[in-house]
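Printed here is input_22.pdb (PDB, C-alpha atoms):
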ATOM      1  CA  MET A   1       5.996   5.795  14.329
ATOM      2  CA  VAL A   2       3.971   3.557  16.632
ATOM      3  CA  LEU A   3       3.546   0.009  15.377
ATOM      4  CA  PRO A   4       1.164  -2.557  16.867
ATOM      5  CA  PRO A   5       2.637  -5.370  18.960
ATOM      6  CA  VAL A   6       3.924  -8.151  16.703
ATOM      7  CA  GLU A   7       2.275 -10.861  18.839
ATOM      8  CA  GLU A   8      -1.121  -9.176  18.438
ATOM      9  CA  LYS A   9      -0.842  -8.912  14.650
ATOM     10  CA  ILE A  10       0.328 -12.537  14.326
ATOM     11  CA  ARG A  11      -2.632 -13.640  16.450
ATOM     12  CA  ASP A  12      -4.929 -11.566  14.193
ATOM     13  CA  LEU A  13      -3.406 -13.197  11.109
ATOM     14  CA  CYS A  14      -2.971 -16.770  12.318
ATOM     15  CA  GLY A  15      -4.991 -17.337  15.465
ATOM     16  CA  THR A  16      -3.403 -18.904  18.526
ATOM     17  CA  GLY A  17      -2.382 -22.307  17.135
ATOM     18  CA  THR A  18       0.363 -23.274  14.761
ATOM     19  CA  THR A  19       0.150 -22.626  11.031
ATOM     20  CA  SER A  20       2.100 -23.109   7.808
ATOM     21  CA  MET A  21       3.607 -20.684   5.339
ATOM     22  CA  THR A  22       0.981 -21.807   2.828
ATOM     23  CA  GLU A  23      -1.794 -20.741   5.206
ATOM     24  CA  VAL A  24      -0.070 -17.439   5.997
ATOM     25  CA  ILE A  25       0.260 -16.635   2.300
ATOM     26  CA  GLU A  26      -3.369 -17.609   1.661
ATOM     27  CA  ARG A  27      -4.491 -15.201   4.393
ATOM     28  CA  LEU A  28      -2.264 -12.403   3.101
ATOM     29  CA  VAL A  29      -3.623 -12.910  -0.430
ATOM     30  CA  VAL A  30      -7.114 -12.271   0.935
ATOM     31  CA  ILE A  31      -5.915  -9.164   2.820
ATOM     32  CA  CYS A  32      -3.935  -7.793  -0.153
ATOM     33  CA  GLN A  33      -6.431  -8.966  -2.770
ATOM     34  CA  LYS A  34      -3.453  -9.965  -4.913
ATOM     35  CA  PRO A  35      -1.625 -13.260  -5.498
ATOM     36  CA  ILE A  36       1.713 -13.582  -3.696
ATOM     37  CA  ASN A  37       4.420 -15.549  -5.500
ATOM     38  CA  LEU A  38       7.608 -16.883  -3.920
ATOM     39  CA  VAL A  39      10.348 -16.714  -6.541
ATOM     40  CA  GLU A  40      13.804 -18.212  -6.041
ATOM     41  CA  HIS A  41      16.045 -15.941  -8.117
ATOM     42  CA  ASP A  42      19.489 -17.224  -9.037
ATOM     43  CA  GLY A  43      21.571 -14.153  -9.784
ATOM     44  CA  GLU A  44      23.620 -11.397  -8.209
ATOM     45  CA  TRP A  45      22.257 -10.366  -4.822
ATOM     46  CA  GLY A  46      25.017  -8.292  -3.259
ATOM     47  CA  SER A  47      24.182  -7.885   0.432
ATOM     48  CA  LEU A  48      20.431  -8.383  -0.060
ATOM     49  CA  THR A  49      18.768 -11.491   1.338
ATOM     50  CA  ALA A  50      15.226 -11.105  -0.038
ATOM     51  CA  LEU A  51      13.109  -8.598  -1.918
ATOM     52  CA  LYS A  52       9.377  -7.795  -2.076
ATOM     53  CA  VAL A  53       8.193  -6.491  -5.437
ATOM     54  CA  GLU A  54       4.585  -5.357  -5.722
ATOM     55  CA  PHE A  55       2.873  -5.009  -9.087
ATOM     56  CA  GLU A  56      -0.650  -3.837  -9.903
ATOM     57  CA  ASP A  57      -1.961  -7.394 -10.026
ATOM     58  CA  HIS A  58       0.427  -9.476  -7.871
ATOM     59  CA  ILE A  59       3.294  -9.429  -5.382
ATOM     60  CA  ASN A  60       6.566 -11.324  -5.809
ATOM     61  CA  VAL A  61       8.850 -12.219  -2.930
ATOM     62  CA  LEU A  62      12.275 -12.867  -4.451
ATOM     63  CA  PHE A  63      14.936 -14.786  -2.537
ATOM     64  CA  PRO A  64      18.276 -16.310  -3.503
ATOM     65  CA  PRO A  65      19.072 -20.033  -3.410
ATOM     66  CA  GLN A  66      20.564 -20.760   0.005
ATOM     67  CA  ASN A  67      21.888 -23.838   1.772
ATOM     68  CA  SER A  68      19.893 -23.150   4.921
ATOM     69  CA  LEU A  69      16.164 -23.704   4.510
ATOM     70  CA  GLN A  70      15.579 -22.120   7.937
ATOM     71  CA  TYR A  71      17.342 -18.920   6.869
ATOM     72  CA  LYS A  72      15.467 -18.874   3.542
ATOM     73  CA  LEU A  73      12.154 -19.192   5.390
ATOM     74  CA  HIS A  74      13.171 -16.407   7.764
ATOM     75  CA  CYS A  75      13.986 -14.086   4.856
ATOM     76  CA  ILE A  76      10.643 -14.865   3.201
ATOM     77  CA  TYR A  77       8.742 -14.256   6.450
ATOM     78  CA  HIS A  78      10.539 -10.927   6.795
ATOM     79  CA  GLU A  79       9.180  -9.840   3.414
ATOM     80  CA  LEU A  80       5.731 -11.208   4.262
ATOM     81  CA  GLY A  81       5.898  -8.978   7.357
ATOM     82  CA  HIS A  82       6.396  -5.982   5.077
ATOM     83  CA  ILE A  83       3.427  -7.090   2.994
ATOM     84  CA  TYR A  84       1.349  -7.433   6.157
ATOM     85  CA  LEU A  85       2.211  -3.919   7.293
ATOM     86  CA  GLU A  86       1.218  -2.744   3.790
ATOM     87  CA  LYS A  87       3.120  -0.143   1.831
ATOM     88  CA  LEU A  88       5.985   1.449   3.746
ATOM     89  CA  ASP A  89       8.544   4.064   2.770
ATOM     90  CA  LEU A  90      11.869   2.457   3.664
ATOM     91  CA  ALA A  91      15.374   3.533   2.755
ATOM     92  CA  LEU A  92      16.545   0.797   0.436
ATOM     93  CA  PRO A  93      20.133  -0.275  -0.146
ATOM     94  CA  GLU A  94      21.547  -0.256  -3.645
ATOM     95  CA  ILE A  95      19.917  -3.031  -5.666
ATOM     96  CA  PRO A  96      22.014  -4.940  -8.255
ATOM     97  CA  GLN A  97      20.966  -4.536 -11.909
ATOM     98  CA  SER A  98      19.992  -8.220 -12.250
ATOM     99  CA  LEU A  99      17.390  -7.704  -9.517
ATOM    100  CA  LEU A 100      16.247  -4.359 -10.910
ATOM    101  CA  ASN A 101      15.324  -6.218 -14.100
ATOM    102  CA  GLN A 102      12.881  -8.226 -11.961
ATOM    103  CA  THR A 103      11.195  -5.034 -10.712
ATOM    104  CA  ALA A 104      10.176  -3.500 -14.052
ATOM    105  CA  ASP A 105       6.622  -2.145 -13.825
ATOM    106  CA  ALA A 106       6.530  -2.599 -10.034
ATOM    107  CA  ILE A 107       4.439  -0.184  -8.005
ATOM    108  CA  SER A 108       6.298  -0.916  -4.750
ATOM    109  CA  VAL A 109       9.587  -2.562  -3.751
ATOM    110  CA  SER A 110      10.998  -3.371  -0.322
ATOM    111  CA  CYS A 111      13.797  -5.670   0.737
ATOM    112  CA  ARG A 112      15.230  -7.296   3.830
ATOM    113  CA  HIS A 113      17.767  -4.752   5.040
ATOM    114  CA  ILE A 114      18.185  -4.458   8.789
ATOM    115  CA  GLU A 115      18.892  -1.001  10.107
ATOM    116  CA  ASP A 116      17.954   0.788  13.303
ATOM    117  CA  ASP A 117      14.473   1.326  11.959
ATOM    118  CA  PRO A 118      11.244   0.514  13.863
ATOM    119  CA  VAL A 119       9.606  -1.074  10.811
ATOM    120  CA  GLU A 120      12.640  -3.252  10.118
ATOM    121  CA  ARG A 121      12.754  -4.328  13.768
ATOM    122  CA  TRP A 122       9.020  -5.102  13.604
ATOM    123  CA  VAL A 123       9.227  -7.247  10.472
ATOM    124  CA  GLU A 124      12.354  -8.987  11.788
ATOM    125  CA  ASN A 125      10.452  -9.896  14.986
ATOM    126  CA  PHE A 126       7.524 -10.985  12.803
ATOM    127  CA  ALA A 127       9.866 -13.291  10.854
ATOM    128  CA  PHE A 128      11.311 -14.869  14.028
ATOM    129  CA  MET A 129       7.863 -15.410  15.557
ATOM    130  CA  MET A 130       6.361 -16.802  12.357
ATOM    131  CA  SER A 131       9.284 -19.205  11.975
ATOM    132  CA  LYS A 132       8.596 -20.518  15.480
ATOM    133  CA  LYS A 133       4.866 -20.725  14.819
ATOM    134  CA  THR A 134       5.330 -22.810  11.670
ATOM    135  CA  ARG A 135       8.190 -24.970  13.000
ATOM    136  CA  ALA A 136       6.002 -26.062  15.898
ATOM    137  CA  ARG A 137       3.613 -27.633  13.364
ATOM    138  CA  SER A 138       6.155 -29.612  11.374
ATOM    139  CA  ARG A 139       7.776 -32.804  12.640
ATOM    140  CA  SER A 140      10.911 -32.084  10.643
ATOM    141  CA  ALA A 141      11.259 -28.637  12.288
ATOM    142  CA  LEU A 142      11.080 -27.130   8.794
ATOM    143  CA  ASP A 143       8.080 -25.627   7.049
ATOM    144  CA  PRO A 144       6.872 -28.213   4.525
ATOM    145  CA  PHE A 145       5.931 -25.458   2.059
ATOM    146  CA  LEU A 146       9.440 -25.258   0.591
ATOM    147  CA  CYS A 147      10.561 -28.870   1.131
TER     148      CYS A 147
END

Could you quickly redo this structure as structure tokens?
Amino acid sequence: MVLPPVEEKIRDLCGTGTTSMTEVIERLVVICQKPINLVEHDGEWGSLTALKVEFEDHINVLFPPQNSLQYKLHCIYHELGHIYLEKLDLALPEIPQSLLNQTADAISVSCRHIEDDPVERWVENFAFMMSKKTRARSRSALDPFLC
């Protein structure tokens, strides 16, 4: 599988300047033609760090409460990278029942699970680059979207 360079796709999505997570989500909503909701889910997560759940009429990005805002943002950007690459067939790890309840009626599910997989490497690079792109805009070095 040949994937486009991450830098090129981020430039296509965000331009050359800095941006915010709010702006990234707004652009992805236009591309997907569906609302994207960030949902902090307090429950059993096992080894998962985030989860993308696509429904007919919206997409949810689920993430657990975490002490590190930077890590939370990274996990969200990882899932947004999956959304940006559209629907992908990835091998998913076992998902705890409490999270499966959140996926009822979903048409697509993906989650942040790093393996030696070109798509996972791509979205992980996307997450790192987007974190840098948004941090450069904020004086507090954190994206103001979740503050």

Near Thr19 in chain A, counting only C-alpha atoms, which residues have an atom at most 7 Å away, once you skip same-chain residues fewer than 2 positions from it, shown as a tab-separated table (two decimals) with C-alpha atoms, keeping the file's coordinate frame?
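Output file out_28.tsv is given in full below:
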chain	number	residue	atom	x	y	z
A	14	CYS	CA	-2.97	-16.77	12.32
A	17	GLY	CA	-2.38	-22.31	17.14
A	21	MET	CA	3.61	-20.68	5.34
A	23	GLU	CA	-1.79	-20.74	5.21
A	133	LYS	CA	4.87	-20.72	14.82
A	134	THR	CA	5.33	-22.81	11.67
A	137	ARG	CA	3.61	-27.63	13.36

ask   = Which neighbours of Asn60 in chain A fall inside 6 Å, counting all atoms listed in the file, when residues of the same chain fewer than 2 positions from it are skipped, and could you give them as a list of chain:residue names?
value =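 The residues satisfying every condition are A:Ile36, A:Asn37, A:Leu38, A:Lys52, A:Val53.
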
note = Students should find that CA of Leu13 in chain A and CA of Asp57 in chain A are spaced 22.0 Å

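Shortest atom-to-atom contact with Asn125 in chain A among A:Glu7, A:Val2, A:Leu51, A:Leu28: A:Glu7, counting all atoms listed in the file.
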
request  = Tell me, in Å to one decimal, how far CA of Gln66 in chain A is from CA of Phe128 in chain A.
outcome  =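 Straight-line distance from CA of Gln66 in chain A to CA of Phe128 in chain A works out to 17.8 Å.
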
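Of the residues listed (A:Ala106, A:Val30, A:Leu3, A:Val24), A:Ala106 shows the shortest atom-to-atom separation from Ile59 in chain A; distances use all atoms listed in the file.
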
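Between Thr103 in chain A and the residues A:Leu73, A:Val6, A:Leu62, A:Val29, the shortest atom-to-atom distance, using only C-alpha atoms, involves A:Leu62.
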
key: Reference answer for the PyMOL selection byres ((chain A and resi 79) around 7), as a PyMOL selection string   = chain A and resi 51-52+61+75-78+80-83+111-112

Distance in Å - CA of Ser47 in chain A versus CA of Gln70 in chain A =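 Going from CA of Ser47 in chain A over to CA of Gln70 in chain A covers 18.2 Å.
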
From A:Ile10, A:Ala127, A:Cys32, A:Val39, residue lying nearest His74 in chain A [all atoms listed in the file] =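 The closest residue to His74 in chain A is A:Ala127.
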